[in-house]
Amino acid sequence: TVTVLIGVTILHQVQSGLLDSATRSASGQLNSGVSYAQSQFSALPKLDSASIERTAYAVVFDLAGRAGQDQYDVALLPSNPGLRSYYAADVAIPDSLQRTIATQPREAWTFSRIRAANGSGEPALVIGAPVQAAGLTYQLYYVFPLDREVQALNLVERTMIFAGVALVVFLVGIAGLVTRQVVRPVRQAAVTAGRLAAGRFKQRMVVRGEDDLAALAGSFNRMADTVQQQISQLRELSRVQRRFVS
């Protein structure tokens, strides 16, 4: 039970550390993207629909092209009516996150699941913030797959399970050895005491080492010697009494 509790605690700490690191990295990436988007919209000479659409399209795919080894997807959703949404990939932004950023214009994030290439759902971090420039209001979102974090957590989990099983086996072995070292002298003392009670007064315990059990065996043997001497004295007195009566 202690091993399981320790393993669960360690896994929780590792998971929290991985998610915190991913969130901080995503927040830095988002801030950079928001600054870039605001600068691009602010540089528009006029706010006609064609210029806005071209700039929004360019912003999304420029930011998505910066991914490199850090795989992520980018989406730009409008808050103003009549504007289009732009996605660098087929990703779904949670409605609850959109409502949060719309009602409280600030950075917000949540954990969601995205569709993988094999059709299964993979955990992902979705983070977004408002983009306000030149009278326009957009919501910029980054979607970071958490496959590397999941792989790292699975590796830690497998290692913890292996280490926990090995530790339990090791502890069971130590407990068995200690129990054997403790129980065997106690059983020997019980057997020897039974033989003494049956009248076999020459029975003694074997003294091994210098620990407490050896001291117990020595004390038991001295007690047996004393009992044997008392019995011998009583027998001698009984013999003398019989001779006297004769």
# chains A, B, ... in the order shown; residues from 1 in each chain; ligands from 1

call {"tool": "residues_around", "arguments": {"residues": "Ile52 in chain A", "least_positions_apart": "2", "cutoff": "12 Å", "atoms": "only C-alpha atoms", "output": "PyMOL selection string"}}
result
chain A and resi 37+40-50+54-59+78+80+82-86+133-138

call {"tool": "write_last_selection", "arguments": {"atoms": "N, CA, C and O atoms", "output": "short mmCIF file (atom, residue, chain, number, x, y, z; two decimals), in the first residue's frame"}}
result
data_model
loop_
_atom_site.label_atom_id
_atom_site.label_comp_id
_atom_site.auth_asym_id
_atom_site.auth_seq_id
_atom_site.Cartn_x
_atom_site.Cartn_y
_atom_site.Cartn_z
N ALA A 37 0.47 39.05 -34.96
CA ALA A 37 -0.82 39.27 -35.61
C ALA A 37 -1.26 40.73 -35.47
O ALA A 37 -1.76 41.34 -36.45
N GLN A 40 0.62 42.87 -37.87
CA GLN A 40 0.20 42.70 -39.27
C GLN A 40 -1.12 43.42 -39.54
O GLN A 40 -1.28 44.08 -40.57
N PHE A 41 -2.06 43.32 -38.61
CA PHE A 41 -3.34 44.00 -38.82
C PHE A 41 -3.19 45.52 -38.70
O PHE A 41 -3.87 46.28 -39.40
N SER A 42 -2.33 45.95 -37.81
CA SER A 42 -2.13 47.40 -37.65
C SER A 42 -1.46 48.02 -38.87
O SER A 42 -1.61 49.24 -39.12
N ALA A 43 -0.73 47.22 -39.62
CA ALA A 43 -0.03 47.75 -40.80
C ALA A 43 -0.92 47.85 -42.04
O ALA A 43 -0.45 48.30 -43.09
N LEU A 44 -2.18 47.41 -41.92
CA LEU A 44 -3.06 47.50 -43.09
C LEU A 44 -3.35 48.96 -43.45
O LEU A 44 -3.72 49.75 -42.58
N PRO A 45 -3.20 49.33 -44.73
CA PRO A 45 -3.50 50.71 -45.11
C PRO A 45 -5.00 51.02 -45.06
O PRO A 45 -5.39 52.16 -44.77
N LYS A 46 -5.84 50.03 -45.33
CA LYS A 46 -7.28 50.22 -45.24
C LYS A 46 -7.94 48.91 -44.83
O LYS A 46 -7.43 47.82 -45.14
N LEU A 47 -9.05 49.02 -44.15
CA LEU A 47 -9.71 47.85 -43.59
C LEU A 47 -10.83 47.36 -44.51
O LEU A 47 -12.00 47.31 -44.14
N ASP A 48 -10.47 47.01 -45.75
CA ASP A 48 -11.47 46.39 -46.61
C ASP A 48 -11.43 44.88 -46.40
O ASP A 48 -10.46 44.32 -45.89
N SER A 49 -12.50 44.20 -46.75
CA SER A 49 -12.64 42.77 -46.47
C SER A 49 -11.55 41.95 -47.15
O SER A 49 -11.04 40.98 -46.58
N ALA A 50 -11.17 42.32 -48.35
CA ALA A 50 -10.14 41.55 -49.07
C ALA A 50 -8.80 41.64 -48.36
O ALA A 50 -8.09 40.63 -48.18
N ARG A 54 -6.82 38.48 -46.60
CA ARG A 54 -5.46 38.13 -47.00
C ARG A 54 -4.53 38.17 -45.80
O ARG A 54 -3.68 37.28 -45.61
N THR A 55 -4.65 39.20 -44.97
CA THR A 55 -3.76 39.32 -43.81
C THR A 55 -4.03 38.21 -42.80
O THR A 55 -3.08 37.61 -42.26
N ALA A 56 -5.30 37.91 -42.55
CA ALA A 56 -5.63 36.84 -41.60
C ALA A 56 -5.10 35.50 -42.11
O ALA A 56 -4.54 34.71 -41.33
N TYR A 57 -5.28 35.24 -43.40
CA TYR A 57 -4.79 33.99 -43.97
C TYR A 57 -3.27 33.90 -43.84
O TYR A 57 -2.71 32.87 -43.45
N ALA A 58 -2.59 35.01 -44.14
CA ALA A 58 -1.13 35.02 -44.07
C ALA A 58 -0.66 34.86 -42.63
O ALA A 58 0.33 34.15 -42.36
N VAL A 59 -1.34 35.49 -41.68
CA VAL A 59 -0.94 35.38 -40.27
C VAL A 59 -1.03 33.94 -39.79
O VAL A 59 -0.11 33.41 -39.15
N PRO A 78 -12.83 35.01 -35.73
CA PRO A 78 -13.22 36.41 -35.61
C PRO A 78 -14.24 36.62 -34.48
O PRO A 78 -15.08 35.76 -34.21
N ASN A 80 -15.68 39.85 -34.63
CA ASN A 80 -16.55 40.76 -35.37
C ASN A 80 -17.43 39.95 -36.33
O ASN A 80 -16.96 39.00 -36.97
N GLY A 82 -19.37 38.82 -39.65
CA GLY A 82 -19.10 38.97 -41.08
C GLY A 82 -17.70 38.59 -41.50
O GLY A 82 -17.40 38.65 -42.70
N LEU A 83 -16.84 38.20 -40.57
CA LEU A 83 -15.47 37.80 -40.90
C LEU A 83 -15.35 36.28 -40.89
O LEU A 83 -16.09 35.58 -40.20
N ARG A 84 -14.40 35.78 -41.64
CA ARG A 84 -14.21 34.34 -41.76
C ARG A 84 -13.27 33.83 -40.67
O ARG A 84 -12.49 34.59 -40.09
N SER A 85 -13.34 32.51 -40.42
CA SER A 85 -12.41 31.82 -39.52
C SER A 85 -11.33 31.16 -40.35
O SER A 85 -11.58 30.69 -41.48
N TYR A 86 -10.14 31.09 -39.82
CA TYR A 86 -9.00 30.53 -40.55
C TYR A 86 -8.33 29.46 -39.68
O TYR A 86 -8.06 29.69 -38.49
N ALA A 133 -6.61 44.95 -33.03
CA ALA A 133 -5.79 45.90 -33.78
C ALA A 133 -6.63 46.52 -34.88
O ALA A 133 -7.41 45.83 -35.55
N ALA A 134 -6.50 47.81 -35.04
CA ALA A 134 -7.16 48.56 -36.12
C ALA A 134 -8.66 48.35 -36.10
O ALA A 134 -9.31 48.22 -37.15
N GLY A 135 -9.23 48.26 -34.90
CA GLY A 135 -10.68 48.10 -34.79
C GLY A 135 -11.16 46.69 -35.01
O GLY A 135 -12.38 46.44 -35.01
N LEU A 136 -10.28 45.76 -35.24
CA LEU A 136 -10.65 44.36 -35.44
C LEU A 136 -10.40 43.57 -34.16
O LEU A 136 -9.49 43.88 -33.38
N THR A 137 -11.22 42.56 -33.96
CA THR A 137 -11.04 41.68 -32.80
C THR A 137 -11.10 40.24 -33.28
O THR A 137 -12.13 39.79 -33.81
N TYR A 138 -10.01 39.54 -33.10
CA TYR A 138 -9.92 38.13 -33.42
C TYR A 138 -9.55 37.36 -32.15
O TYR A 138 -9.14 37.93 -31.13
#

call {"tool": "residues_around", "arguments": {"residues": "Thr1 in chain A", "least_positions_apart": "2", "cutoff": "12 Å", "atoms": "only C-alpha atoms", "output": "PyMOL selection string"}}
result
chain A and resi 3-8+164-165+167-168

call {"tool": "residues_around", "arguments": {"residues": "Pro94 in chain A", "least_positions_apart": "5", "cutoff": "10 Å", "atoms": "only C-alpha atoms", "output": "MDAnalysis selection string"}}
result
chainID A and resid 99 109:113 126

call {"tool": "residues_around", "arguments": {"residues": "Leu140 in chain A", "least_positions_apart": "3", "cutoff": "12 Å", "atoms": "only C-alpha atoms", "output": "MDAnalysis selection string"}}
result
chainID A and resid 27 29:38 56 59:60 63:64 73:79 85:88 93 97:98 101:102 105:109 126:132 137 143

call {"tool": "select_by_dssp", "arguments": {"residues": "range 5-246 of chain A", "states": "strand (DSSP E or B)", "output": "ChimeraX atom specification"}}
result
/A:73-78,86-87,108-115,121-133,136-145

call {"tool": "select_by_dssp", "arguments": {"residues": "range 114-180 of chain A", "states": "alpha helix (DSSP H)", "output": "VMD selection string"}}
result
chain A and resid 147 to 180

call {"tool": "residues_around", "arguments": {"residues": "Phe220 in chain A", "least_positions_apart": "3", "cutoff": "12 Å", "atoms": "only C-alpha atoms", "output": "number ranges by chain"}}
result
A: 185-186, 188-190, 192-193, 196, 203-207, 213-217, 223-227

call {"tool": "atom_distance", "arguments": {"atom1": "CA of Asp90 in chain A", "atom2": "CA of Gly17 in chain A"}}
result
28.9 Å

call {"tool": "closest_residue", "arguments": {"among": "A:Ala89, A:Val150, A:Leu234, A:Ala175", "to": "Glu122 in chain A", "atoms": "only C-alpha atoms"}}
result
A:Val150
